[in-house]
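The structure appears below as structure tokens.
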Amino acid sequence: DEGYVVLAPEYRRVGDVGGGWPGTLDDLRVAERGALARTDALGVDPERVALVGHSAGGHLALLLALELGAEYPSLSGIGLAAIADPEQYALGTGSCHAATPEFFGGMPDARAEVYRAGSPLRRLEAAPDTALTLIHGTDDPIVAPEQAEALSAAGNRVHVHWLVDAAHFDLIHPGGGAFPVLLDALPPVEVPAR
């Protein structure tokens with residue numbers, strides 16, 4: 001309804017053959033590069049493309065935006081309650097935190113190089129001028145606000161939209177307060193006449 005073409009690529013998950021690191025990201029690389037190569041056929045302006053994800057999906061969207069940013073400088077990377085520092089996140093005690101070592105094949109101390117390669121925070125430290133947008137709730141019990149703070153501190157062009165009193169899943173409800181913030185963060189498009 002807002003005039004956006006939305007693609008939601010599927011990818012292998014932990015427990016699936018080839019799922020986890022790096023197979024999951026490899027799947028998304030193929031999907032995103034394929035979509036970016038066919039922007040004309042999809043009716044998409046290549047100057048107005050955004051990669052958006054929530055939580056672990058935000059982790060993947062930020063990684064892809066950092067990876068593809070040199071080739072597509074107008075690409076927007078937007079993380080909704082994104083896991084930006086998986087090394088730190090893996091040390092948490094919740095069930096979602098426990099999925100991180102499963103994804104990376106072990107804990108950060110045993111797989112330090114793998115975690116560095118799969119960390120938006122570490123990648124941003126190497127390319128601090130990459131523009132990224134984070135939308136994060138101040139009351140998120142699943143992905144702590146410190147994740148957004150760490151990424152913001154590492155980059156020169158990281159903008160954080162704080163949603164006061166918002167929790168983790170408030171960010172993905174189209175009727176909630178996060179939706180207009182997300183629309184404002186997306187590259188503008190012409191809304192088709194109704």
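Residue numbers start at 1 in each chain; chains themselves are named A, B, ... in the order of the structure tokens; ligands are numbered from 1 in the order shown.
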Residues at most 10 Å from A:Asp129, counting only C-alpha atoms, excluding those fewer than 3 positions away in the same chain, as a PyMOL selection string?
chain A and resi 124-126+132+154-158
Strand (DSSP E) residues, from DSSP on the backbone, in stretch 8-193 of chain A, as a PyMOL selection string:
chain A and resi 50-54+76-80+132-137+158-163
Each stretch 131-157 of chain A residue no farther than 6 Å from stretch 68-86 of chain A, nearest pair in Å, only C-alpha atoms, as JSON lines:
```
{"residue": "A:Leu132", "atom": "CA", "partner": "A:Gly77", "partner_atom": "CA", "distance": 5.1}
{"residue": "A:Thr133", "atom": "CA", "partner": "A:Ile78", "partner_atom": "CA", "distance": 4.7}
{"residue": "A:Leu134", "atom": "CA", "partner": "A:Gly79", "partner_atom": "CA", "distance": 4.8}
{"residue": "A:Ile135", "atom": "CA", "partner": "A:Leu80", "partner_atom": "CA", "distance": 4.9}
{"residue": "A:His136", "atom": "CA", "partner": "A:Ala81", "partner_atom": "CA", "distance": 4.8}
{"residue": "A:Gln147", "atom": "CA", "partner": "A:Ala84", "partner_atom": "CA", "distance": 5.5}
```
For the residues in that selection, give me C-alpha atoms as a PDB file, in the first residue's frame.
```
ATOM      1  CA  LEU A 132      23.053   2.304   8.455  1.00  0.00           C
ATOM      2  CA  THR A 133      19.770   2.892  10.246  1.00  0.00           C
ATOM      3  CA  LEU A 134      18.740   1.163  13.450  1.00  0.00           C
ATOM      4  CA  ILE A 135      15.288   1.197  14.992  1.00  0.00           C
ATOM      5  CA  HIS A 136      15.321  -0.114  18.536  1.00  0.00           C
ATOM      6  CA  GLN A 147      23.528  -3.674  20.687  1.00  0.00           C
TER       7      GLN A 147
END
```
With distances taken over only C-alpha atoms, which residue among A:Ala127, A:Ala90, A:Val181, A:Ala98 lies nearest A:Tyr115?
A:Ala90
Among chain A, which residues carry a DSSP assignment of alpha helix (DSSP H), reported as a compact mmCIF listing (two decimals) with C-alpha atoms, in the first residue's frame?
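Dumped everything to states_29.txt:
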```txt
# COMPACT_ATOMS: atom_id res chain seq x y z
CA GLY A 23 25.43 -21.00 4.46
CA THR A 24 22.58 -18.78 5.62
CA LEU A 25 24.39 -15.63 4.52
CA ASP A 26 25.43 -17.30 1.26
CA ASP A 27 21.76 -17.95 0.48
CA LEU A 28 20.92 -14.30 1.07
CA ARG A 29 23.86 -13.15 -1.02
CA VAL A 30 22.51 -15.12 -3.97
CA ALA A 31 18.98 -13.79 -3.45
CA GLU A 32 20.00 -10.16 -3.01
CA ARG A 33 22.48 -10.09 -5.88
CA GLY A 34 19.87 -11.74 -8.10
CA ALA A 35 17.26 -9.17 -7.11
CA LEU A 36 19.67 -6.25 -7.55
CA ALA A 37 20.62 -7.55 -10.99
CA THR A 39 15.72 -4.27 -10.65
CA ASP A 40 14.33 -3.27 -14.06
CA ALA A 41 12.29 -6.45 -14.39
CA LEU A 42 11.00 -6.01 -10.83
CA ALA A 56 18.49 -12.14 13.75
CA GLY A 57 17.14 -11.03 10.36
CA GLY A 58 18.41 -7.54 11.20
CA HIS A 59 21.84 -9.07 11.80
CA LEU A 60 21.73 -10.55 8.29
CA ALA A 61 20.37 -7.36 6.67
CA LEU A 62 23.15 -5.27 8.24
CA LEU A 63 25.82 -7.76 7.14
CA LEU A 64 24.56 -7.68 3.56
CA ALA A 65 24.31 -3.89 3.53
CA LEU A 66 27.90 -3.63 4.75
CA GLU A 67 29.04 -6.18 2.18
CA LEU A 68 27.16 -4.75 -0.81
CA PRO A 86 26.90 -11.42 17.96
CA GLU A 87 30.05 -11.94 20.04
CA GLN A 88 28.43 -10.15 22.95
CA TYR A 89 24.96 -11.50 22.23
CA SER A 95 16.96 -18.99 24.67
CA CYS A 96 17.48 -16.55 21.77
CA HIS A 97 21.04 -15.95 22.92
CA ALA A 98 21.64 -19.70 22.87
CA ALA A 99 20.81 -19.78 19.15
CA THR A 100 23.87 -17.65 18.39
CA PRO A 101 26.50 -20.32 19.18
CA GLU A 102 24.39 -22.80 17.21
CA PHE A 103 24.45 -20.42 14.23
CA PHE A 104 28.22 -19.82 14.42
CA ALA A 112 36.66 -15.81 17.30
CA GLU A 113 37.50 -15.47 13.59
CA VAL A 114 34.07 -16.75 12.53
CA TYR A 115 32.30 -14.33 14.88
CA ARG A 116 34.40 -11.42 13.59
CA ALA A 117 33.50 -12.29 10.00
CA PRO A 120 28.10 -6.13 11.72
CA LEU A 121 29.98 -4.30 14.49
CA ARG A 122 33.38 -5.64 13.38
CA ARG A 123 32.61 -5.02 9.70
CA LEU A 124 31.50 -1.48 10.43
CA GLU A 125 34.73 -0.80 12.32
CA ALA A 126 36.52 -1.58 9.03
CA PRO A 145 19.61 -1.52 23.47
CA GLU A 146 23.38 -1.83 24.01
CA GLN A 147 23.53 -3.67 20.69
CA ALA A 148 22.36 -0.53 18.85
CA GLU A 149 24.53 1.71 21.01
CA ALA A 150 27.67 -0.30 20.16
CA LEU A 151 27.01 -0.11 16.42
CA SER A 152 26.21 3.58 16.61
CA ALA A 153 29.48 4.26 18.44
CA ALA A 154 31.47 2.35 15.80
CA ALA A 178 7.57 1.60 14.74
CA PHE A 179 5.91 1.32 11.34
CA PRO A 180 5.87 5.08 10.54
CA VAL A 181 9.50 5.28 11.72
CA LEU A 182 10.42 2.46 9.33
CA LEU A 183 8.58 4.15 6.46
CA ASP A 184 10.51 7.37 7.15
CA ALA A 185 13.80 5.43 7.12
```
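Counting only C-alpha atoms and comparing A:Ala144, A:Ile172, A:Leu91, A:Ala167, the residue that lies closest to A:His54 is A:Ile172.
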One decimal, Å: what's the distance from atom CA of A:Pro22 over to atom CA of A:Val52, could you say?
19.2 Å
Atom CA of A:Leu51 to atom CA of A:Gly175: how many Å, to one decimal?
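We find that atom CA of A:Leu51 and atom CA of A:Gly175 lie 20.9 Å from each other.
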Between atom CA of A:Thr138 and atom CA of A:Gly118, what is the distance, to one decimal in Å?
24.9 Å
Given the choices A:Gly176, A:Arg48, A:His161, A:Gly94, which gets closest to A:Pro141 if the distance is worked out from only C-alpha atoms?
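Smallest distance to A:Pro141 is found for A:Gly94.
For the choices A:Ala110, A:Ala8, A:Val189, A:Leu171, the atom-to-atom distance to A:Asp45 is smallest for A:Val189 when using only C-alpha atoms.
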